[in-house]
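Have a look at structure.txt; it's compact mmCIF, C-alpha atoms:
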# COMPACT_ATOMS: atom_id res chain seq x y z
CA MET A 1 58.71 84.77 106.26
CA ASN A 2 60.32 81.56 105.07
CA ALA A 3 58.85 82.12 101.63
CA LEU A 4 60.18 85.68 101.63
CA ASN A 5 63.63 84.53 102.67
CA GLU A 6 63.58 81.88 100.00
CA LEU A 7 62.51 84.40 97.41
CA PHE A 8 65.27 86.78 98.50
CA SER A 9 67.79 83.95 98.40
CA ALA A 10 66.59 82.96 94.95
CA HIS A 11 67.17 86.49 93.64
CA ALA A 12 70.56 86.70 95.35
CA ARG A 13 71.64 83.34 93.97
CA ALA A 14 70.39 84.26 90.52
CA ARG A 15 72.32 87.50 90.50
CA ARG A 16 75.51 85.82 91.53
CA ALA A 17 74.91 83.23 88.87
CA ILE A 18 74.44 86.00 86.32
CA ASP A 19 77.89 87.31 87.13
CA GLU A 20 79.38 83.85 86.85
CA GLN A 21 77.59 83.20 83.61
CA LEU A 22 78.87 86.44 82.10
CA ASP A 23 82.40 85.53 83.19
CA ALA A 24 82.02 82.04 81.79
CA GLU A 25 80.88 83.47 78.45
CA ARG A 26 83.94 85.68 78.36
CA ASP A 27 86.25 82.82 79.25
CA GLY A 28 84.53 80.46 76.88
CA HIS A 29 83.42 77.81 79.34
CA GLY A 30 80.63 76.94 81.74
CA GLY A 31 80.90 76.53 85.47
CA ALA A 32 78.22 78.50 87.29
CA GLU A 33 77.11 77.01 90.57
CA VAL A 34 73.53 77.58 89.57
CA SER A 35 72.98 75.72 86.36
CA SER A 36 72.14 77.58 83.19
CA ALA A 37 68.78 75.86 83.06
CA GLN A 38 67.93 76.93 86.61
CA LEU A 39 69.02 80.47 85.91
CA ALA A 40 67.08 80.62 82.68
CA ALA A 41 63.99 79.36 84.47
CA HIS A 42 64.33 82.05 87.13
CA LEU A 43 64.93 84.81 84.60
CA GLN A 44 61.89 83.77 82.61
CA GLY A 45 59.72 84.60 85.59
CA CYS A 46 61.63 87.55 87.08
CA GLU A 47 61.66 90.92 85.34
CA GLU A 48 63.91 92.48 88.01
CA CYS A 49 66.63 89.91 87.50
CA ARG A 50 66.38 90.27 83.74
CA GLN A 51 66.96 93.98 84.18
CA PHE A 52 69.86 93.21 86.52
CA GLN A 53 71.35 90.97 83.84
CA ALA A 54 71.05 93.69 81.20
CA GLN A 55 72.60 96.28 83.49
CA ARG A 56 75.41 93.93 84.39
CA ARG A 57 76.25 93.37 80.73
CA ALA A 58 76.18 97.10 80.22
CA LEU A 59 78.44 97.68 83.22
CA LEU A 60 80.99 95.18 81.99
CA GLN A 61 80.91 96.66 78.51
CA LEU A 62 81.46 100.12 80.00
CA VAL A 63 84.34 99.04 82.20
CA ARG A 64 86.04 96.98 79.52
CA SER A 65 85.80 99.75 76.97
CA THR A 66 88.07 102.04 78.98
CA PRO A 67 91.34 102.49 77.14
CA ALA A 68 94.23 100.36 78.23
CA LEU A 69 96.90 102.08 80.29
CA SER A 70 100.54 101.92 79.28
CA ALA A 71 103.64 102.30 81.36
CA PRO A 72 105.13 105.78 80.95
CA THR A 73 107.90 106.37 78.46
CA GLY A 74 111.25 105.27 79.77
CA PHE A 75 109.78 103.15 82.56
CA SER A 76 111.66 99.98 81.73
CA GLY A 77 114.92 101.91 81.48
CA ARG A 78 114.39 103.44 84.90
CA VAL A 79 113.61 100.05 86.36
CA LEU A 80 116.82 98.62 84.95
CA MET A 81 118.85 101.52 86.29
CA ALA A 82 117.26 101.17 89.71
CA ALA A 83 117.92 97.43 89.75
CA LYS A 84 121.57 97.95 88.90
CA ALA A 85 121.89 100.76 91.43
CA ARG A 86 120.43 98.57 94.16
CA GLY A 87 122.73 95.77 93.22
CA ARG A 88 125.72 98.10 93.46
CA ALA A 89 124.51 99.59 96.74
CA LYS A 90 124.20 96.13 98.17
CA GLU A 91 127.76 95.33 97.19
CA GLU A 92 129.12 98.62 98.48
CA ALA A 93 127.12 98.94 101.70
CA PRO A 94 129.43 99.20 104.70
CA ARG A 95 128.96 96.82 107.53
CA GLY A 96 126.70 98.17 110.25
CA VAL A 97 125.48 101.73 110.42
CA GLY A 98 127.19 104.80 111.71
CA LEU A 99 125.97 108.09 112.95
CA ARG A 100 126.81 111.19 111.06
CA TRP A 101 126.28 114.51 112.66
CA ALA A 102 124.18 116.83 110.61
CA TRP A 103 124.49 120.50 111.33
CA ALA A 104 123.61 123.70 109.63
CA GLY A 105 123.92 127.41 109.54
CA ALA A 106 120.91 127.28 111.83
CA ALA A 107 121.36 130.86 112.90
CA ALA A 108 121.13 131.91 109.27
CA LEU A 109 118.30 129.59 108.33
CA GLY A 110 116.46 128.79 111.54
CA VAL A 111 116.16 125.09 110.78
CA VAL A 112 116.16 122.00 112.93
CA ILE A 113 119.39 120.13 113.63
CA ALA A 114 119.05 116.41 113.85
CA PHE A 115 121.01 113.20 113.57
CA ALA A 116 121.49 111.46 110.27
CA VAL A 117 121.87 107.74 109.91
CA SER A 118 124.08 106.45 107.17
CA PRO A 119 123.35 104.52 105.08
CA VAL A 120 119.72 105.52 105.16
CA LEU A 121 117.46 102.54 104.86
CA ARG A 122 114.16 102.74 103.08
CA GLU A 123 111.33 102.58 105.59
CA PRO A 124 108.15 102.66 103.61
CA GLU A 125 105.95 102.22 106.64
CA ARG A 126 107.09 105.47 108.28
CA ALA A 127 106.49 108.99 107.15
CA PRO A 128 108.82 109.89 104.32
CA ARG A 129 111.80 112.00 105.32
CA ILE A 130 113.64 114.46 103.21
CA GLU A 131 117.28 114.34 104.14
CA VAL A 132 119.41 117.29 103.29
CA SER A 133 123.13 116.85 103.45
CA GLY A 134 125.81 119.07 102.02
CA VAL A 135 127.95 117.20 99.58
CA GLY A 136 129.62 118.61 96.53
CA ALA A 137 128.12 117.73 93.19
CA GLU A 138 129.33 118.04 89.63
CA LEU A 139 126.70 120.57 88.75
CA PRO A 140 127.44 124.19 89.69
CA ALA A 141 128.18 124.20 93.39
CA PRO A 142 124.96 123.21 95.09
CA GLN A 143 124.78 124.52 98.59
CA PHE A 144 122.59 121.68 99.76
CA GLN A 145 121.81 118.12 98.88
CA VAL A 146 118.41 116.59 99.45
CA ARG A 147 117.59 112.93 99.38
CA ALA A 148 114.04 111.59 99.42
CA VAL A 149 113.60 108.70 101.82
CA GLY A 150 110.50 106.57 102.17
CA VAL A 151 108.85 108.01 99.12
CA GLY A 152 109.11 106.67 95.63
CA PRO A 153 111.14 108.46 92.94
CA ALA A 154 108.22 109.42 90.74
CA ARG A 155 106.29 110.88 93.64
CA ALA A 156 109.40 112.63 94.99
CA LYS A 157 110.19 114.19 91.61
CA ALA A 158 106.63 115.40 91.20
CA SER A 159 106.70 116.95 94.68
CA VAL A 160 110.09 118.59 94.25
CA ARG A 161 109.15 120.08 90.89
CA GLY A 162 105.94 121.43 92.31
CA ILE A 163 107.66 123.02 95.29
CA VAL A 164 110.72 124.42 93.48
CA GLU A 165 108.92 125.74 90.42
CA GLY A 166 106.19 127.11 92.62
CA ALA A 167 108.83 129.15 94.41
CA GLY A 168 110.17 130.59 91.19
CA GLY A 169 113.05 128.18 90.89
CA THR A 170 114.15 126.01 88.01
CA VAL A 171 114.70 122.28 87.94
CA LEU A 172 117.07 120.28 85.82
CA GLU A 173 116.95 116.53 85.65
CA ASP A 174 119.82 114.19 85.00
CA GLY A 175 119.89 110.42 85.17
CA ALA A 176 120.52 110.32 88.90
CA GLY A 177 118.17 112.98 90.18
CA LEU A 178 117.18 116.59 90.14
CA TYR A 179 119.07 119.81 90.53
CA ALA A 180 117.36 123.02 91.46
CA ARG A 181 118.32 126.68 91.50
CA ILE A 182 116.10 128.80 93.67
CA PRO A 183 116.16 132.48 94.60
CA ARG A 184 117.85 132.98 97.93
CA ALA A 185 114.72 134.66 99.30
CA ALA A 186 112.72 131.51 98.57
CA LEU A 187 115.12 129.12 100.31
CA VAL A 188 113.42 128.97 103.69
CA GLY A 189 110.01 128.55 102.09
CA VAL A 190 111.25 125.70 99.92
CA LEU A 191 112.87 123.95 102.85
CA GLN A 192 109.71 124.40 104.90
CA ALA A 193 107.63 122.92 102.10
CA LEU A 194 110.00 119.95 101.92
CA ALA A 195 109.78 119.66 105.70
CA LYS A 196 106.04 119.14 105.38
CA GLN A 197 106.90 115.85 103.73
CA GLY A 198 108.42 114.79 107.03
CA SER A 199 111.42 115.53 109.26
CA TYR A 200 114.60 116.81 107.63
CA LYS A 201 118.04 118.09 108.42
CA VAL A 202 120.28 120.55 106.72
CA VAL A 203 123.99 120.45 106.17
CA GLN A 204 125.89 123.03 104.22
CA ALA A 205 128.60 122.00 101.82
CA THR A 206 131.07 124.13 103.64
CA PRO A 207 131.02 125.10 107.28
CA GLY A 208 129.76 128.49 108.23
CA GLU A 209 127.04 130.68 106.93
CA LEU A 210 125.95 130.90 103.36
CA ASP A 211 127.93 133.33 101.22
CA PRO A 212 125.93 136.54 101.51
CA GLU A 213 126.75 137.33 97.85
CA LEU A 214 124.84 134.30 96.62
CA GLU A 215 121.58 135.33 95.01
CA GLU A 216 120.65 131.85 93.92
CA ILE A 217 120.94 128.67 95.99
CA GLY A 218 121.63 125.32 94.42
CA ILE A 219 120.02 122.17 95.80
CA SER A 220 120.87 118.74 94.50
CA PHE A 221 118.08 116.20 94.93
CA GLN A 222 118.76 112.50 94.90
CA VAL A 223 115.81 110.30 94.19
CA GLU A 224 116.36 106.57 94.13
CA MET B 1 95.89 88.98 75.73
CA VAL B 2 93.21 90.48 73.53
CA ARG B 3 91.23 93.39 74.88
CA ALA B 4 88.24 95.17 73.56
CA VAL B 5 89.13 98.01 71.21
CA PRO B 6 88.54 101.26 73.06
CA ARG B 7 85.90 103.55 71.64
CA PRO B 8 86.24 106.70 73.71
CA GLU B 9 83.79 108.68 71.56
CA ALA B 10 81.02 106.11 71.48
CA PRO B 11 78.08 107.17 73.68
CA PHE B 12 77.21 104.69 76.30
CA LEU B 13 73.86 103.01 75.74
CA PRO B 14 72.55 100.11 77.73
CA VAL B 15 72.05 97.29 75.30
CA SER B 16 70.66 93.84 75.64
CA ASN B 17 72.95 90.97 74.84
CA PRO B 18 75.81 92.92 73.28
CA PRO B 19 78.45 90.65 71.84
CA LEU B 20 81.20 90.39 74.42
CA VAL B 21 84.66 89.97 72.99
CA ALA B 22 86.00 86.51 73.67
CA VAL B 23 89.29 86.94 75.41
CA PRO B 24 91.77 84.13 75.60
CA PRO B 25 92.96 83.47 79.14
CA LEU B 26 96.44 84.29 80.25
CA ALA B 27 98.95 82.09 78.52
CA PRO B 28 99.79 78.93 80.42
CA PRO B 29 103.10 78.90 82.24
CA VAL B 30 105.75 79.59 79.67
CA ASN B 31 108.89 77.56 80.08
CA ASP B 32 111.06 80.41 79.01
CA GLU B 33 109.86 82.60 81.89
CA ALA B 34 111.02 80.07 84.44
CA GLU B 35 114.30 79.91 82.56
CA LEU B 36 114.52 83.71 82.48
CA CYS B 37 113.99 83.80 86.25
CA ARG B 38 116.73 81.26 86.72
CA ARG B 39 119.05 83.41 84.67
CA ILE B 40 118.13 86.55 86.60
CA GLY B 41 119.00 84.70 89.78
CA ALA B 42 122.35 83.92 88.18
CA GLY B 43 122.95 87.61 87.45
CA ASP B 44 121.73 87.87 83.85
CA ASP B 45 120.43 91.44 83.49
CA ARG B 46 119.32 90.88 79.93
CA ALA B 47 116.88 88.23 81.13
CA PHE B 48 115.52 90.73 83.63
CA GLU B 49 115.18 93.34 80.91
CA LEU B 50 113.16 90.92 78.79
CA LEU B 51 110.69 90.25 81.57
CA VAL B 52 110.32 93.94 82.40
CA GLU B 53 109.58 94.76 78.78
CA ARG B 54 107.12 91.90 78.56
CA TYR B 55 105.12 92.80 81.65
CA GLN B 56 105.69 96.51 82.27
CA HIS B 57 102.41 97.70 80.77
CA ARG B 58 100.24 95.14 82.51
CA ILE B 59 101.81 95.62 85.91
CA TYR B 60 101.79 99.40 85.58
CA ALA B 61 98.16 99.39 84.44
CA PHE B 62 97.15 97.15 87.33
CA CYS B 63 98.91 99.40 89.84
CA ALA B 64 97.42 102.51 88.25
CA ARG B 65 93.90 101.12 88.49
CA LEU B 66 94.38 100.21 92.11
CA LEU B 67 96.17 103.36 93.22
CA ASN B 68 94.36 105.83 90.96
CA ASP B 69 97.55 107.85 90.74
CA ARG B 70 100.18 107.74 88.01
CA ALA B 71 103.17 108.69 90.12
CA GLU B 72 102.32 106.21 92.86
CA ALA B 73 101.61 103.55 90.24
CA GLU B 74 105.01 104.05 88.66
CA ASP B 75 106.75 103.81 92.01
CA VAL B 76 104.89 100.69 93.04
CA ALA B 77 105.30 99.06 89.64
CA GLN B 78 109.02 99.75 89.84
CA GLU B 79 109.13 98.11 93.28
CA VAL B 80 107.34 95.08 91.86
CA PHE B 81 110.06 94.59 89.29
CA LEU B 82 112.81 95.25 91.82
CA THR B 83 111.23 92.56 93.98
CA LEU B 84 111.31 90.28 90.97
CA TYR B 85 114.97 91.16 90.46
CA ARG B 86 115.81 90.19 94.03
CA ASN B 87 113.66 87.07 94.21
CA ALA B 88 113.55 85.72 90.66
CA GLY B 89 115.58 82.72 91.74
CA ASP B 90 112.67 81.69 94.00
CA PHE B 91 110.31 81.17 91.05
CA ARG B 92 110.32 77.52 90.11
CA GLY B 93 107.74 77.53 87.34
CA GLU B 94 105.20 75.48 89.25
CA SER B 95 102.61 78.23 88.85
CA SER B 96 102.06 80.82 86.16
CA PHE B 97 104.75 83.50 86.19
CA ALA B 98 102.13 86.14 85.46
CA THR B 99 100.03 85.25 88.49
CA TRP B 100 103.18 85.20 90.62
CA LEU B 101 104.01 88.70 89.43
CA TYR B 102 100.45 89.92 89.93
CA ARG B 103 100.59 88.58 93.46
CA ILE B 104 103.65 90.69 94.17
CA ALA B 105 101.94 93.69 92.56
CA LYS B 106 98.72 93.24 94.51
CA ASN B 107 100.56 93.03 97.82
CA GLN B 108 102.74 96.03 97.04
CA ALA B 109 99.82 98.13 95.83
CA LEU B 110 97.54 97.30 98.76
CA ASN B 111 100.36 98.00 101.21
CA ARG B 112 100.89 101.33 99.54
CA ILE B 113 97.18 102.13 99.75
CA LYS B 114 97.19 101.40 103.47
CA TYR B 115 100.29 103.53 103.93
CA LEU B 116 98.82 106.44 101.99
CA ASP B 117 95.52 106.18 103.83
CA ARG B 118 97.36 106.34 107.14
CA ARG B 119 99.26 109.37 105.95
CA GLY B 120 96.05 111.06 104.86
CA ARG B 121 96.56 111.06 101.14
CA LYS B 122 93.92 113.65 100.55
CA GLN B 123 95.51 116.05 102.99
CA ARG B 124 98.89 115.56 101.41
CA ALA B 125 97.50 116.19 97.96
CA ARG B 126 95.97 119.42 99.23
CA ASP B 127 99.31 120.45 100.71
CA GLU B 128 101.14 119.76 97.46
CA LEU B 129 98.64 121.71 95.49
CA ALA B 130 98.87 124.53 98.01
CA THR B 131 102.65 124.76 97.70
CA ALA B 132 102.72 124.62 93.93
CA ASP B 133 102.19 127.97 92.30
CA GLY B 134 100.45 127.10 89.11
CA PRO B 135 98.12 124.51 87.68
CA ASP B 136 97.38 121.36 89.61
CA ALA B 137 99.87 118.58 89.05
CA PRO B 138 98.07 116.84 86.24
CA GLU B 139 99.70 113.49 86.68
CA SER B 140 98.08 112.89 90.04
CA ARG B 141 94.45 113.68 89.34
CA PRO B 142 92.22 110.66 88.77
CA ASP B 143 90.78 112.17 85.63
CA ALA B 144 94.24 112.62 84.25
CA LEU B 145 94.80 108.92 84.73
CA ALA B 146 92.12 108.10 82.20
CA GLU B 147 93.05 108.51 78.59
CA GLY B 148 89.67 108.00 77.05
CA GLY B 149 87.75 111.08 78.00
CA GLN B 150 85.23 111.87 80.63
CA THR B 151 83.51 108.48 80.65
CA ALA B 152 86.75 106.65 81.23
CA ALA B 153 87.65 109.16 83.94
CA LEU B 154 84.35 108.57 85.71
CA VAL B 155 84.77 104.81 85.49
CA GLN B 156 88.28 105.02 86.91
CA GLU B 157 87.14 107.35 89.67
CA ALA B 158 84.38 104.93 90.60
CA ILE B 159 86.83 102.02 90.61
CA GLY B 160 89.12 104.06 92.82
CA GLU B 161 86.35 104.47 95.37
CA LEU B 162 85.78 100.76 95.86
CA GLU B 163 87.12 99.01 98.92
CA ALA B 164 90.70 98.05 98.20
CA GLU B 165 90.15 94.30 98.38
CA HIS B 166 87.13 94.44 96.05
CA ARG B 167 88.98 96.82 93.75
CA ALA B 168 91.94 94.46 93.38
CA VAL B 169 89.82 91.48 92.44
CA LEU B 170 87.54 93.44 90.14
CA VAL B 171 90.47 94.98 88.28
CA LEU B 172 92.12 91.58 87.88
CA ARG B 173 88.91 90.16 86.45
CA ASP B 174 87.34 92.92 84.41
CA LEU B 175 90.39 94.84 83.25
CA GLU B 176 93.26 92.36 83.38
CA ASP B 177 91.11 89.41 82.23
CA LEU B 178 92.41 86.89 84.72
CA SER B 179 90.25 83.82 85.28
CA TYR B 180 88.86 82.94 88.70
CA GLU B 181 91.63 80.38 89.12
CA GLU B 182 94.31 82.86 88.18
CA ILE B 183 92.87 85.48 90.53
CA SER B 184 92.75 82.89 93.29
CA ALA B 185 96.43 82.11 92.69
CA ALA B 186 97.36 85.78 92.53
CA THR B 187 95.48 86.77 95.67
CA GLY B 188 95.69 83.62 97.74
CA LEU B 189 91.90 83.70 98.12
CA PRO B 190 89.62 80.69 97.70
CA ILE B 191 87.68 80.76 94.44
CA GLY B 192 84.41 81.18 96.31
CA THR B 193 85.74 84.36 97.92
CA VAL B 194 87.00 85.57 94.55
CA LYS B 195 83.52 85.17 93.05
CA SER B 196 81.91 86.85 96.03
CA ARG B 197 84.24 89.85 95.89
CA ILE B 198 83.76 90.21 92.14
CA HIS B 199 80.00 90.18 92.62
CA ARG B 200 80.06 92.70 95.45
CA GLY B 201 82.63 94.87 93.71
CA ARG B 202 80.56 95.02 90.54
CA SER B 203 77.43 95.84 92.51
CA ALA B 204 79.24 98.65 94.31
CA LEU B 205 80.64 99.90 91.00
CA ALA B 206 77.21 99.78 89.36
CA ALA B 207 75.79 101.86 92.19
CA ARG B 208 78.48 104.50 91.63
CA LEU B 209 77.93 104.53 87.89
CA ALA B 210 74.14 104.47 88.18
CA ARG B 211 73.80 107.49 85.92
CA PHE B 212 74.87 105.38 82.95
CA PHE B 213 72.11 102.88 83.56
CA ARG B 214 69.10 105.16 83.70
Let me see whether you can do it: turn the structure in this file into structure tokens.
Amino acid sequence: MNALNELFSAHARARRAIDEQLDAERDGHGGAEVSSAQLAAHLQGCEECRQFQAQRRALLQLVRSTPALSAPTGFSGRVLMAAKARGRAKEEAPRGVGLRWAWAGAAALGVVIAFAVSPVLREPERAPRIEVSGVGAELPAPQFQVRAVGVGPARAKASVRGIVEGAGGTVLEDGAGLYARIPRAALVGVLQALAKQGSYKVVQATPGELDPELEEIGISFQVE
Amino acid sequence: MVRAVPRPEAPFLPVSNPPLVAVPPLAPPVNDEAELCRRIGAGDDRAFELLVERYQHRIYAFCARLLNDRAEAEDVAQEVFLTLYRNAGDFRGESSFATWLYRIAKNQALNRIKYLDRRGRKQRARDELATADGPDAPESRPDALAEGGQTAALVQEAIGELEAEHRAVLVLRDLEDLSYEEISAATGLPIGTVKSRIHRGRSALAARLARFFR
């Protein structure tokens, strides 16, 4: 049993040494714990480890031949914008936090009413929340505003596009976020799909029910 | 950093003793990066822009390999640079700037993996696909992450299935070309543990890619 253990250990040590040797070759220096001479002696007498060595070289060649990945177009610009926005937010943040009541035409929409906390702090360890608050925007009169919280901007944009376009809506993108126009009939479905991302609340831009003449609903999405 | 030229159309054949491309190690600590960090700490946005442009592709690629998802990788990579923006003044130049940045990236990416795993990433992906009326979101599929065809997609998928800690070390070694010492600095792991994780990660990867070795 001792001989078997020793043999097993010899193979295990040799295979680790093979990895180190391949890395040393790539880096242009030596340094394996098992000396090259010892490894060579083992390989001379061990067909299995020679095969392991060949497969390992092949594996590394395969992995290293995968094309390099590049950051998406515009990435550095978005990073710079985000850095400046965070710097501004830090300067402008009010002291302490306050509660802001969020309420909705719940009778018209059948949605949950909940508290909002302002400013909303990013809490990456909790489930992401989609906040919806009604604030006027420069684009044609959105009825709702949605802000993604706890989920990154790229992920949030991908989700929003999928949900809105899947519901027959259209999405425009400006530097700050997204703006969507959706058919009125699809509104509840869109809000429910957003709700699946986490809890949410709805506030209309103006008190009262939605204008019954509106056939399309505007939603402004802020992704930070 | 010099990397092997990609040959996406070349069939994979196991060869004996193929010439491995000699890759120079990461550049030693560059004085100007410590100076750039000092300037960022003093409010110089141009210095920050220079560092982002210099490292964006490497940090994004590292995050993409770990997270196996373009959108998540972009978000995490952005957070890495925002962390740099906030904390650049803490970098004194005693270690390599690149390993310092990789350390931030590794921690952010692994935290994100844990968070997504808790949230049930697979279930969420199913929900998103279910609510979208149309083709699957291409930017999130692992095979869409790979730009070199089916082989590259399979390699990336196999990497994505490794245990997160093995994946991080293997990607730093075999795709980002960091030395053992640099990986040790970037991960905070002893060199012995780095070697062990590389060995076990490669063995796990080889098992997943066994079809290429028959």
With 6 Å as the cut-off and only C-alpha atoms counted, what is the closest atom pair between each nearby residue of chain A and chain B? Distances in Å to one decimal, ordered by chain and number, as JSON lines.
{"residue": "A:Arg26", "atom": "CA", "partner": "B:Ala22", "partner_atom": "CA", "distance": 5.2}
{"residue": "A:Ala54", "atom": "CA", "partner": "B:Ser16", "partner_atom": "CA", "distance": 5.6}
{"residue": "A:Ala58", "atom": "CA", "partner": "B:Pro14", "partner_atom": "CA", "distance": 5.3}
{"residue": "A:Ser65", "atom": "CA", "partner": "B:Pro6", "partner_atom": "CA", "distance": 5.0}
{"residue": "A:Thr66", "atom": "CA", "partner": "B:Ala152", "partner_atom": "CA", "distance": 5.3}
{"residue": "A:Pro67", "atom": "CA", "partner": "B:Pro6", "partner_atom": "CA", "distance": 5.1}
{"residue": "A:Leu69", "atom": "CA", "partner": "B:Ala61", "partner_atom": "CA", "distance": 5.1}
{"residue": "A:Ser70", "atom": "CA", "partner": "B:His57", "partner_atom": "CA", "distance": 4.9}
{"residue": "A:Ala71", "atom": "CA", "partner": "B:His57", "partner_atom": "CA", "distance": 4.8}
{"residue": "A:Val79", "atom": "CA", "partner": "B:Gln78", "partner_atom": "CA", "distance": 5.8}
{"residue": "A:Ala83", "atom": "CA", "partner": "B:Leu82", "partner_atom": "CA", "distance": 5.9}
{"residue": "A:Gly152", "atom": "CA", "partner": "B:Asp75", "partner_atom": "CA", "distance": 5.2}
{"residue": "A:Ala154", "atom": "CA", "partner": "B:Ala71", "partner_atom": "CA", "distance": 5.1}
{"residue": "A:Arg155", "atom": "CA", "partner": "B:Ala71", "partner_atom": "CA", "distance": 5.2}
{"residue": "A:Gly162", "atom": "CA", "partner": "B:Ala132", "partner_atom": "CA", "distance": 4.8}
{"residue": "A:Ile163", "atom": "CA", "partner": "B:Ala132", "partner_atom": "CA", "distance": 5.4}
{"residue": "A:Gly166", "atom": "CA", "partner": "B:Asp133", "partner_atom": "CA", "distance": 4.1}
Worksheet entry | Point-to-point distance from CA of Val160 (chain A) to CA of Pro212 (chain A), Å rounded to tenths |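 Going from CA of Val160 (chain A) over to CA of Pro212 (chain A) covers 25.0 Å.
When CA of Ala158 (chain B) is paired with CA of Asn68 (chain B), their separation reads 10.0 Å.
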Discussion item. Just the number, please: distance in Å from CA of Trp100 (chain B) to CA of Val63 (chain A), one decimal.
Written reply: 24.8 Å
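Distances to Phe144 (chain A) were evaluated for A:Leu80, A:Ile219, A:Ala17, A:Leu214 using all atoms listed in the file, and the minimum falls at A:Ile219.
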Worksheet entry | Nearest residue to Glu216 (chain A) from the set A:Arg181, A:Pro142, A:Val190, A:Ser36 (distances using only C-alpha atoms) | A:Arg181
Worksheet entry | Residue among A:Leu60, A:Val151, A:Ser220, A:Arg15 lying closest to Leu170 (chain B), counting all atoms listed in the file | A:Leu60
Worksheet entry | Test item: which residues lie within 10 Å of (110.8, 116.0, 94.6) counting only C-alpha atoms, as a ChimeraX atom specification | /A:130,146-148,151-164,171,177-179,194,197,221-223
Discussion item. Taking 4 positions as the minimum chain separation for residues in the same chain, which residues sit within 12 Å of Thr99 (chain B) when counting all atoms listed in the file? Answer as number ranges by chain.
Written reply: B: 25-30, 55, 58-59, 91, 93-95, 103-106, 172, 176-188
Worksheet item: Which is closer to Leu59 (chain A) than all the others in A:Gly77, A:Ala12, A:Asp211, A:Leu22, using all atoms listed in the file?
Response: A:Leu22
Completion of region 160-175 of chain B up to N, CA and C atoms, as a compact mmCIF listing (two decimals), keeping the file's coordinate frame:
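In the end it all went to result00.txt:
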# COMPACT_ATOMS: atom_id res chain seq x y z
N GLY B 160 88.24 103.61 91.75
CA GLY B 160 89.12 104.06 92.82
C GLY B 160 88.41 104.21 94.16
N GLU B 161 87.09 104.30 94.12
CA GLU B 161 86.35 104.47 95.37
C GLU B 161 85.93 103.15 95.99
N LEU B 162 86.15 102.06 95.30
CA LEU B 162 85.78 100.76 95.86
C LEU B 162 86.72 100.41 97.01
N GLU B 163 86.23 99.54 97.88
CA GLU B 163 87.12 99.01 98.92
C GLU B 163 88.30 98.33 98.25
N ALA B 164 89.46 98.49 98.85
CA ALA B 164 90.70 98.05 98.20
C ALA B 164 90.67 96.58 97.79
N GLU B 165 90.16 95.74 98.68
CA GLU B 165 90.15 94.30 98.38
C GLU B 165 89.21 93.98 97.22
N HIS B 166 88.06 94.66 97.17
CA HIS B 166 87.13 94.44 96.05
C HIS B 166 87.73 95.00 94.77
N ARG B 167 88.39 96.17 94.90
CA ARG B 167 88.98 96.82 93.75
C ARG B 167 90.02 95.90 93.10
N ALA B 168 90.86 95.30 93.92
CA ALA B 168 91.94 94.46 93.38
C ALA B 168 91.36 93.31 92.56
N VAL B 169 90.37 92.64 93.12
CA VAL B 169 89.82 91.48 92.44
C VAL B 169 89.06 91.90 91.19
N LEU B 170 88.31 92.99 91.30
CA LEU B 170 87.54 93.44 90.14
C LEU B 170 88.46 93.87 89.00
N VAL B 171 89.53 94.56 89.32
CA VAL B 171 90.47 94.98 88.28
C VAL B 171 91.13 93.77 87.63
N LEU B 172 91.50 92.79 88.45
CA LEU B 172 92.12 91.58 87.88
C LEU B 172 91.17 90.87 86.94
N ARG B 173 89.88 90.88 87.28
CA ARG B 173 88.91 90.16 86.45
C ARG B 173 88.49 90.99 85.25
N ASP B 174 88.02 92.17 85.47
CA ASP B 174 87.34 92.92 84.41
C ASP B 174 88.26 93.78 83.56
N LEU B 175 89.47 94.03 84.05
CA LEU B 175 90.39 94.84 83.25
C LEU B 175 91.65 94.07 82.86
